[in-house]
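> So here's input.cif (mmCIF, C-alpha atoms).
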```
data_start
loop_
_atom_site.group_PDB
_atom_site.id
_atom_site.type_symbol
_atom_site.label_atom_id
_atom_site.label_comp_id
_atom_site.auth_asym_id
_atom_site.auth_seq_id
_atom_site.Cartn_x
_atom_site.Cartn_y
_atom_site.Cartn_z
ATOM 1 C CA MET V 2 86.423 117.715 79.134
ATOM 2 C CA ARG V 3 85.699 114.580 77.135
ATOM 3 C CA TYR V 4 87.970 112.901 74.637
ATOM 4 C CA THR V 5 88.576 115.069 71.595
ATOM 5 C CA ARG V 6 90.866 115.433 68.634
ATOM 6 C CA SER V 7 89.338 118.638 67.302
ATOM 7 C CA VAL V 8 89.956 121.446 69.791
ATOM 8 C CA SER V 9 93.173 123.215 70.661
ATOM 9 C CA ILE V 10 93.965 123.542 74.364
ATOM 10 C CA PRO V 11 97.167 123.887 76.421
ATOM 11 C CA PRO V 12 98.988 120.598 77.008
ATOM 12 C CA PHE V 13 98.752 121.246 80.756
ATOM 13 C CA ASP V 14 97.418 123.785 83.227
ATOM 14 C CA PRO V 15 99.087 125.020 86.417
ATOM 15 C CA PHE V 16 96.925 126.465 89.200
ATOM 16 C CA ALA V 17 98.384 128.689 91.906
ATOM 17 C CA PRO V 18 97.248 128.493 95.538
ATOM 18 C CA GLU V 19 94.122 130.504 96.301
ATOM 19 C CA SER V 20 94.808 130.668 100.036
ATOM 20 C CA PRO V 21 98.065 130.972 102.007
ATOM 21 C CA ALA V 22 100.506 128.706 100.214
ATOM 22 C CA THR V 23 101.663 125.441 101.742
ATOM 23 C CA PRO V 24 104.597 123.211 100.684
ATOM 24 C CA VAL V 25 102.280 120.885 98.722
ATOM 25 C CA VAL V 26 102.223 120.377 94.942
ATOM 26 C CA VAL V 27 99.408 118.186 93.618
ATOM 27 C CA GLU V 28 100.242 116.636 90.262
ATOM 28 C CA VAL V 29 97.779 114.887 87.926
ATOM 29 C CA PRO V 30 99.645 113.573 84.859
ATOM 30 C CA HIS V 31 97.120 111.086 83.448
ATOM 31 C CA ALA V 32 93.660 112.674 83.617
ATOM 32 C CA GLY V 33 94.083 114.307 80.203
ATOM 33 C CA VAL V 34 92.134 112.969 77.228
ATOM 34 C CA TRP V 35 93.145 115.429 74.494
ATOM 35 C CA ILE V 36 94.864 114.084 71.378
ATOM 36 C CA PRO V 37 96.157 116.978 69.252
ATOM 37 C CA PRO V 38 95.109 116.489 65.614
ATOM 38 C CA ALA V 39 98.711 116.749 64.410
ATOM 39 C CA TRP V 40 99.608 113.697 66.498
ATOM 40 C CA ALA V 41 96.528 111.567 65.859
ATOM 41 C CA ASP V 42 98.484 109.532 63.317
ATOM 42 C CA PRO V 43 99.641 106.756 63.886
ATOM 43 C CA LEU V 44 97.316 106.164 66.854
ATOM 44 C CA ARG V 45 94.585 103.601 66.436
ATOM 45 C CA THR V 46 92.104 104.415 69.144
ATOM 46 C CA ASN V 47 88.608 105.474 70.083
ATOM 47 C CA GLU V 48 86.902 107.429 72.817
ATOM 48 C CA ARG V 49 86.308 104.436 75.073
ATOM 49 C CA SER V 50 89.953 103.353 75.022
ATOM 50 C CA VAL V 51 91.190 106.878 75.736
ATOM 51 C CA LEU V 52 88.835 107.305 78.691
ATOM 52 C CA ARG V 53 89.482 103.798 80.002
ATOM 53 C CA ASP V 54 93.264 104.273 80.034
ATOM 54 C CA ALA V 55 93.141 107.806 81.442
ATOM 55 C CA ASP V 56 92.818 108.586 85.130
ATOM 56 C CA THR V 57 89.416 109.913 84.214
ATOM 57 C CA PHE V 58 87.898 112.434 86.661
ATOM 58 C CA VAL V 59 90.906 112.400 89.019
ATOM 59 C CA ASP V 60 91.446 116.068 88.191
ATOM 60 C CA GLU V 61 87.953 116.720 89.554
ATOM 61 C CA LEU V 62 88.792 114.908 92.773
ATOM 62 C CA VAL V 63 91.622 117.353 93.485
ATOM 63 C CA GLN V 64 90.239 120.538 91.969
ATOM 64 C CA ASP V 65 89.958 122.103 95.442
ATOM 65 C CA ALA V 66 93.694 121.743 96.100
ATOM 66 C CA PRO V 67 94.423 125.443 95.350
ATOM 67 C CA LYS V 68 91.764 126.457 97.885
ATOM 68 C CA CYS V 69 93.717 124.400 100.422
ATOM 69 C CA GLY V 70 96.956 126.276 99.701
ATOM 70 C CA ALA V 71 98.504 123.767 97.305
ATOM 71 C CA ALA V 72 99.747 124.305 93.781
ATOM 72 C CA LEU V 73 98.031 122.075 91.215
ATOM 73 C CA LEU V 74 99.460 120.834 87.925
ATOM 74 C CA ARG V 75 97.019 119.097 85.594
ATOM 75 C CA ALA V 76 97.895 117.509 82.263
ATOM 76 C CA ASN V 77 95.379 117.833 79.422
ATOM 77 C CA VAL V 78 97.103 115.636 76.849
ATOM 78 C CA SER V 79 96.269 111.939 76.730
ATOM 79 C CA ARG V 80 98.943 109.537 77.920
ATOM 80 C CA TYR V 81 98.563 107.920 74.485
ATOM 81 C CA VAL V 82 100.448 110.950 73.126
ATOM 82 C CA VAL V 83 103.171 110.880 75.794
ATOM 83 C CA ASP V 84 103.176 109.392 79.289
ATOM 84 C CA LEU V 85 104.297 112.083 81.710
ATOM 85 C CA ASN V 86 105.027 109.634 84.518
ATOM 86 C CA ARG V 87 108.035 108.105 82.744
ATOM 87 C CA GLY V 88 111.672 109.076 82.424
ATOM 88 C CA ARG V 89 112.627 110.935 79.257
ATOM 89 C CA ASP V 90 114.496 107.940 77.806
ATOM 90 C CA GLU V 91 111.996 105.232 78.731
ATOM 91 C CA TYR V 92 110.911 104.000 75.324
ATOM 92 C CA ASP V 93 111.993 101.201 73.019
ATOM 93 C CA ALA V 94 111.959 100.104 69.381
ATOM 94 C CA ARG V 95 108.349 98.949 69.576
ATOM 95 C CA ALA V 96 107.371 102.598 69.981
ATOM 96 C CA VAL V 97 110.178 104.612 68.359
ATOM 97 C CA GLU V 98 112.276 103.621 65.352
ATOM 98 C CA GLY V 99 115.853 102.770 66.242
ATOM 99 C CA ALA V 100 115.350 103.135 69.994
ATOM 100 C CA ARG V 101 117.003 100.827 72.488
ATOM 101 C CA SER V 102 114.989 97.719 73.250
ATOM 102 C CA ASP V 103 115.735 97.013 76.922
ATOM 103 C CA VAL V 104 112.927 99.023 78.505
ATOM 104 C CA SER V 105 111.275 96.782 81.094
ATOM 105 C CA LEU V 106 108.042 98.758 81.509
ATOM 106 C CA PRO V 107 105.019 97.383 79.625
ATOM 107 C CA HIS V 108 104.208 100.977 78.685
ATOM 108 C CA GLY V 109 106.944 103.547 78.301
ATOM 109 C CA LEU V 110 106.761 107.183 77.273
ATOM 110 C CA PHE V 111 104.971 106.183 74.086
ATOM 111 C CA TRP V 112 102.406 103.436 74.431
ATOM 112 C CA HIS V 113 102.401 100.890 71.602
ATOM 113 C CA THR V 114 99.451 98.926 73.050
ATOM 114 C CA THR V 115 96.530 99.894 75.259
ATOM 115 C CA ALA V 116 96.270 98.646 78.830
ATOM 116 C CA ALA V 117 94.007 95.891 77.478
ATOM 117 C CA GLY V 118 96.757 94.764 75.114
ATOM 118 C CA GLU V 119 95.156 96.128 71.949
ATOM 119 C CA LYS V 120 97.493 97.470 69.273
ATOM 120 C CA LEU V 121 97.671 101.244 69.604
ATOM 121 C CA LEU V 122 100.380 102.312 67.144
ATOM 122 C CA SER V 123 99.978 101.377 63.504
ATOM 123 C CA ARG V 124 103.722 101.975 63.171
ATOM 124 C CA ALA V 125 106.598 103.060 65.357
ATOM 125 C CA LEU V 126 107.119 106.789 65.732
ATOM 126 C CA SER V 127 110.088 108.321 63.962
ATOM 127 C CA GLU V 128 112.773 109.869 66.155
ATOM 128 C CA HIS V 129 111.620 113.285 64.930
ATOM 129 C CA GLU V 130 107.996 112.588 65.919
ATOM 130 C CA ALA V 131 109.030 111.384 69.352
ATOM 131 C CA GLU V 132 111.282 114.369 69.980
ATOM 132 C CA GLU V 133 108.569 116.765 68.819
ATOM 133 C CA ARG V 134 106.171 115.427 71.457
ATOM 134 C CA LEU V 135 108.829 115.536 74.135
ATOM 135 C CA ARG V 136 109.744 119.143 73.412
ATOM 136 C CA ALA V 137 106.145 120.312 73.078
ATOM 137 C CA VAL V 138 104.615 118.503 76.062
ATOM 138 C CA TYR V 139 106.990 116.494 78.229
ATOM 139 C CA ASP V 140 109.794 119.007 78.713
ATOM 140 C CA PRO V 141 107.543 122.014 79.495
ATOM 141 C CA TYR V 142 105.408 119.940 81.870
ATOM 142 C CA HIS V 143 108.372 118.764 83.888
ATOM 143 C CA ALA V 144 109.978 122.186 83.799
ATOM 144 C CA GLU V 145 106.801 123.568 85.364
ATOM 145 C CA LEU V 146 106.719 120.808 87.965
ATOM 146 C CA GLU V 147 110.342 121.520 88.804
ATOM 147 C CA ARG V 148 109.571 125.230 89.146
ATOM 148 C CA LEU V 149 106.695 124.533 91.513
ATOM 149 C CA VAL V 150 108.752 122.178 93.662
ATOM 150 C CA HIS V 151 111.707 124.543 93.942
ATOM 151 C CA GLU V 152 109.404 127.458 94.663
ATOM 152 C CA ARG V 153 108.136 125.566 97.708
ATOM 153 C CA LEU V 154 111.604 124.553 98.767
ATOM 154 C CA ASP V 155 112.692 128.180 98.582
ATOM 155 C CA ASP V 156 109.634 129.532 100.376
ATOM 156 C CA HIS V 157 109.085 126.814 102.982
ATOM 157 C CA GLY V 158 112.288 124.804 103.184
ATOM 158 C CA VAL V 159 110.371 121.653 102.280
ATOM 159 C CA ALA V 160 108.192 120.378 99.437
ATOM 160 C CA VAL V 161 105.628 117.584 99.143
ATOM 161 C CA VAL V 162 104.601 116.215 95.742
ATOM 162 C CA LEU V 163 101.281 114.383 95.804
ATOM 163 C CA ALA V 164 100.930 112.480 92.527
ATOM 164 C CA MET V 165 97.284 111.550 91.980
ATOM 165 C CA HIS V 166 96.216 108.553 89.914
ATOM 166 C CA SER V 167 93.466 105.962 89.591
ATOM 167 C CA MET V 168 93.337 102.232 88.915
ATOM 168 C CA PRO V 169 90.817 99.594 87.884
ATOM 169 C CA SER V 170 89.129 98.324 91.016
ATOM 170 C CA VAL V 171 89.814 94.686 90.130
ATOM 171 C CA GLY V 172 93.271 93.404 89.238
ATOM 172 C CA ALA V 173 95.031 90.139 88.538
ATOM 173 C CA THR V 174 96.815 88.475 91.459
ATOM 174 C CA ARG V 175 98.278 85.040 92.089
ATOM 175 C CA GLN V 176 94.930 84.111 93.614
ATOM 176 C CA GLY V 177 93.023 85.284 90.550
ATOM 177 C CA HIS V 178 91.212 88.526 89.879
ATOM 178 C CA MET V 179 90.481 90.329 93.122
ATOM 179 C CA ARG V 180 89.319 93.730 94.257
ATOM 180 C CA ARG V 181 92.153 96.051 95.140
ATOM 181 C CA ALA V 182 92.416 98.214 98.227
ATOM 182 C CA ASP V 183 90.520 101.494 97.974
ATOM 183 C CA VAL V 184 93.732 103.520 98.117
ATOM 184 C CA VAL V 185 97.290 102.514 97.258
ATOM 185 C CA PRO V 186 100.011 104.859 98.553
ATOM 186 C CA GLY V 187 103.127 104.348 96.448
ATOM 187 C CA THR V 188 106.393 105.269 98.138
ATOM 188 C CA GLN V 189 108.951 102.792 96.776
ATOM 189 C CA SER V 190 109.021 100.744 99.990
ATOM 190 C CA PHE V 191 108.547 103.767 102.283
ATOM 191 C CA THR V 192 111.593 105.599 100.923
ATOM 192 C CA THR V 193 110.183 108.594 99.030
ATOM 193 C CA ALA V 194 108.579 110.459 101.926
ATOM 194 C CA SER V 195 108.948 111.036 105.634
ATOM 195 C CA PRO V 196 107.458 108.263 107.797
ATOM 196 C CA ARG V 197 105.353 110.988 109.404
ATOM 197 C CA LEU V 198 103.746 111.916 106.079
ATOM 198 C CA ILE V 199 103.161 108.287 105.125
ATOM 199 C CA ALA V 200 101.543 107.633 108.510
ATOM 200 C CA LEU V 201 99.381 110.713 107.962
ATOM 201 C CA VAL V 202 98.058 109.227 104.710
ATOM 202 C CA GLU V 203 97.251 105.986 106.534
ATOM 203 C CA GLU V 204 95.417 107.886 109.280
ATOM 204 C CA TRP V 205 93.510 109.894 106.681
ATOM 205 C CA ALA V 206 92.429 106.721 104.870
ATOM 206 C CA ARG V 207 91.170 105.166 108.108
ATOM 207 C CA ASP V 208 89.260 108.327 108.971
ATOM 208 C CA GLN V 209 87.568 108.173 105.570
ATOM 209 C CA GLY V 210 86.716 104.492 105.923
ATOM 210 C CA LEU V 211 89.027 103.590 103.034
ATOM 211 C CA SER V 212 91.119 100.440 102.892
ATOM 212 C CA PHE V 213 94.757 100.863 101.846
ATOM 213 C CA SER V 214 97.702 98.775 100.722
ATOM 214 C CA HIS V 215 101.187 100.219 100.378
ATOM 215 C CA ASP V 216 102.934 99.782 97.018
ATOM 216 C CA ASP V 217 100.499 97.073 95.892
ATOM 217 C CA PRO V 218 100.174 96.991 92.955
ATOM 218 C CA TYR V 219 101.818 100.390 92.281
ATOM 219 C CA ARG V 220 105.034 101.488 94.006
ATOM 220 C CA GLY V 221 105.140 104.994 92.585
ATOM 221 C CA GLY V 222 106.211 105.994 89.092
ATOM 222 C CA TRP V 223 108.958 108.193 87.729
ATOM 223 C CA VAL V 224 107.699 111.408 89.334
ATOM 224 C CA THR V 225 107.586 109.809 92.765
ATOM 225 C CA LYS V 226 111.033 108.251 92.405
ATOM 226 C CA HIS V 227 112.548 111.441 90.995
ATOM 227 C CA TRP V 228 111.157 113.882 93.552
ATOM 228 C CA GLY V 229 110.972 111.608 96.574
ATOM 229 C CA ARG V 230 114.211 112.661 98.297
ATOM 230 C CA PRO V 231 113.426 113.123 101.995
ATOM 231 C CA ARG V 232 117.058 113.800 102.902
ATOM 232 C CA ARG V 233 116.877 116.802 100.589
ATOM 233 C CA ARG V 234 113.579 117.876 102.193
ATOM 234 C CA CYS V 235 111.546 116.885 99.154
ATOM 235 C CA HIS V 236 108.869 114.249 99.726
ATOM 236 C CA ALA V 237 106.702 112.453 97.178
ATOM 237 C CA ILE V 238 103.734 110.112 97.501
ATOM 238 C CA GLN V 239 101.753 108.570 94.664
ATOM 239 C CA LEU V 240 98.110 107.873 95.457
ATOM 240 C CA GLU V 241 96.045 105.432 93.412
ATOM 241 C CA PHE V 242 92.282 105.367 93.932
ATOM 242 C CA CYS V 243 90.024 102.493 92.939
ATOM 243 C CA ARG V 244 87.822 103.890 90.221
ATOM 244 C CA ASP V 245 84.617 102.337 91.496
ATOM 245 C CA LEU V 246 84.836 104.684 94.477
ATOM 246 C CA TYR V 247 83.687 107.585 92.313
ATOM 247 C CA MET V 248 82.775 106.355 88.811
ATOM 248 C CA ASP V 249 80.981 103.626 86.909
ATOM 249 C CA GLU V 250 83.855 101.699 85.339
ATOM 250 C CA THR V 251 81.641 100.122 82.664
ATOM 251 C CA ARG V 252 79.904 103.293 81.507
ATOM 252 C CA LEU V 253 82.928 105.478 82.284
ATOM 253 C CA GLU V 254 80.646 107.982 83.968
ATOM 254 C CA ARG V 255 80.753 109.821 87.281
ATOM 255 C CA LYS V 256 78.914 108.706 90.378
ATOM 256 C CA PRO V 257 78.084 112.290 91.380
ATOM 257 C CA GLU V 258 77.475 111.791 95.110
ATOM 258 C CA SER V 259 80.442 109.454 95.543
ATOM 259 C CA LEU V 260 82.712 111.762 93.561
ATOM 260 C CA ALA V 261 81.678 114.746 95.670
ATOM 261 C CA LYS V 262 82.400 112.799 98.870
ATOM 262 C CA LEU V 263 85.843 111.711 97.691
ATOM 263 C CA ARG V 264 86.581 115.219 96.426
ATOM 264 C CA ALA V 265 85.967 116.565 99.940
ATOM 265 C CA ALA V 266 88.169 113.816 101.356
ATOM 266 C CA CYS V 267 90.991 114.749 98.962
ATOM 267 C CA ALA V 268 90.759 118.391 100.032
ATOM 268 C CA ASP V 269 91.067 117.244 103.632
ATOM 269 C CA LEU V 270 94.186 115.216 102.766
ATOM 270 C CA VAL V 271 95.814 118.177 101.013
ATOM 271 C CA GLU V 272 95.161 120.366 104.049
ATOM 272 C CA ARG V 273 96.588 117.752 106.425
ATOM 273 C CA LEU V 274 99.704 117.282 104.308
ATOM 274 C CA GLY V 275 100.219 121.031 104.101
ATOM 275 C CA ALA V 276 100.041 121.441 107.872
ATOM 276 C CA ALA V 277 102.305 118.449 108.516
ATOM 277 C CA ALA V 278 104.864 119.623 105.946
ATOM 278 C CA LYS V 279 105.122 122.992 107.663
ATOM 279 C CA THR V 280 106.041 121.276 110.905
ATOM 280 C CA LEU V 281 108.680 119.218 109.109
ATOM 281 C CA ALA V 282 110.224 122.423 107.841
ATOM 282 C CA LYS V 283 110.733 123.631 111.407
ATOM 283 C CA ARG V 284 112.885 120.650 112.350
#
```
Write out the structure in this file as structure tokens.

Amino acid sequence: MRYTRSVSIPPFDPFAPESPATPVVVEVPHAGVWIPPAWADPLRTNERSVLRDADTFVDELVQDAPKCGAALLRANVSRYVVDLNRGRDEYDARAVEGARSDVSLPHGLFWHTTAAGEKLLSRALSEHEAEERLRAVYDPYHAELERLVHERLDDHGVAVVLAMHSMPSVGATRQGHMRRADVVPGTQSFTTASPRLIALVEEWARDQGLSFSHDDPYRGGWVTKHWGRPRRRCHAIQLEFCRDLYMDETRLERKPESLAKLRAACADLVERLGAAAKTLAKR
């Protein structure tokens, strides 16, 4: 699905396991590119910006997760409408009239600039507009994620949330602009998941010939922090993939062979996590 303002689709889609269920929930909050017509105002944007700031094609990388026994939750709405990887109160007066102004994130629930720093909102949202988006998209999405997690806790005694994202392959560092690691596992300094699961991700990356760097530059967003509670048998890992692994970042188009290869690798990871989580449940 390409960027559109004209069609009407669900704000998100859940997919049930197609094979014996495992404790894994794969969550893709930023691949959506749909901007509902009713919420197009006051956004100032275009197709390129929407696609550039989405985790474009990440939903395709993990589309085999249900075949591997995992539940899959995919957002369809653009993060320009509401960012699903933020806490419900993470917005400030730059984005919503009268809101508190001490939010430290450069982009909260409601983005007021693009990732490139371009002005996105022609005006701040009213409190009514913000609440409308939260009730229509944010609350149902997180209610569904909560249902999926608790379903796995009830059925398996353990749950693993794998939050899938992408990042520009080159980022600013103290040494200048440099290429990032192929994969960045975000676990808030190794606190949101069992060491065994984190080591499994490292082993998987090595097997795939992918470089990795923990928490650099992304430590895991709100979903990872909220659900990553190993002592309560709920584990969460955010995975960021360099976009040049599977797409042309300039043309914003797929590299079909590379995407297919990484898609198979992601299916392998989901299967490995599912098997490892089952053993954790037996402890």
> Please build the interface table for stretch 96-184 of chain V against stretch 65-70 of chain V with a cut-off of 12 Å, listing for each qualifying residue the nearest atom pair and the distance in Å to one decimal; count all atoms listed in the file, order rows by chain and increasing number, and write it as a tab-separated table.

```
residue	atom	partner	partner_atom	distance
V:Arg153	CA	V:Gly70	CA	11.4
V:Leu163	CA	V:Ala66	CA	10.6
V:Met165	CA	V:Ala66	CA	11.6
```
> Using all atoms listed in the file, which residue out of V:Val184, V:Ser170, V:Leu73, V:Glu61 lies closest to V:Phe213?
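Going through V:Val184, V:Ser170, V:Leu73, V:Glu61 one by one, the smallest distance to V:Phe213 is for V:Val184.
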> Carefully work through the PyMOL selection byres ((chain V and resi 212) around 7) for this structure and note down the residues it includes, as a list of chain:residue names.
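So the PyMOL selection byres ((chain V and resi 212) around 7), applied here, picks out V:Ala182, V:Asp183, V:Val184, V:Ala206, V:Gly210, V:Leu211, V:Phe213.
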> Please list as a list in words every residue within 12 Å of V:Gly118, counting only C-alpha atoms and excluding residues in the same chain fewer than 6 positions away.
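With the cut-off at 12 Å, the set is Ser50, Asp54, Pro107, His108 and Trp112 of chain V.
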> I need the output of the PyMOL selection byres ((chain V and resi 127) around 12) for this file as a ChimeraX atom specification; which residues are they?
/V:42-43,93-100,111,122,124-126,128-134
> Could you work out how far atom CA of V:Ala261 lies from atom CA of V:Val63, giving the answer in Å with one decimal?
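Distance reported for this atom pair: 10.5 Å.
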> So what do you get for atom CA of V:Pro18 versus atom CA of V:Ala71, distance-wise?
5.2 Å
> Could the centre and edge lengths of an axis-aligned box, enclosing all atoms of stretch 129-139 of chain V in the file with 6 Å extra on each side, be given in Å to one decimal as lines of an AutoDock Vina configuration file?

```
center_x = 108.1
center_y = 115.8
center_z = 71.6
size_x = 19.0
size_y = 20.9
size_z = 25.3
```
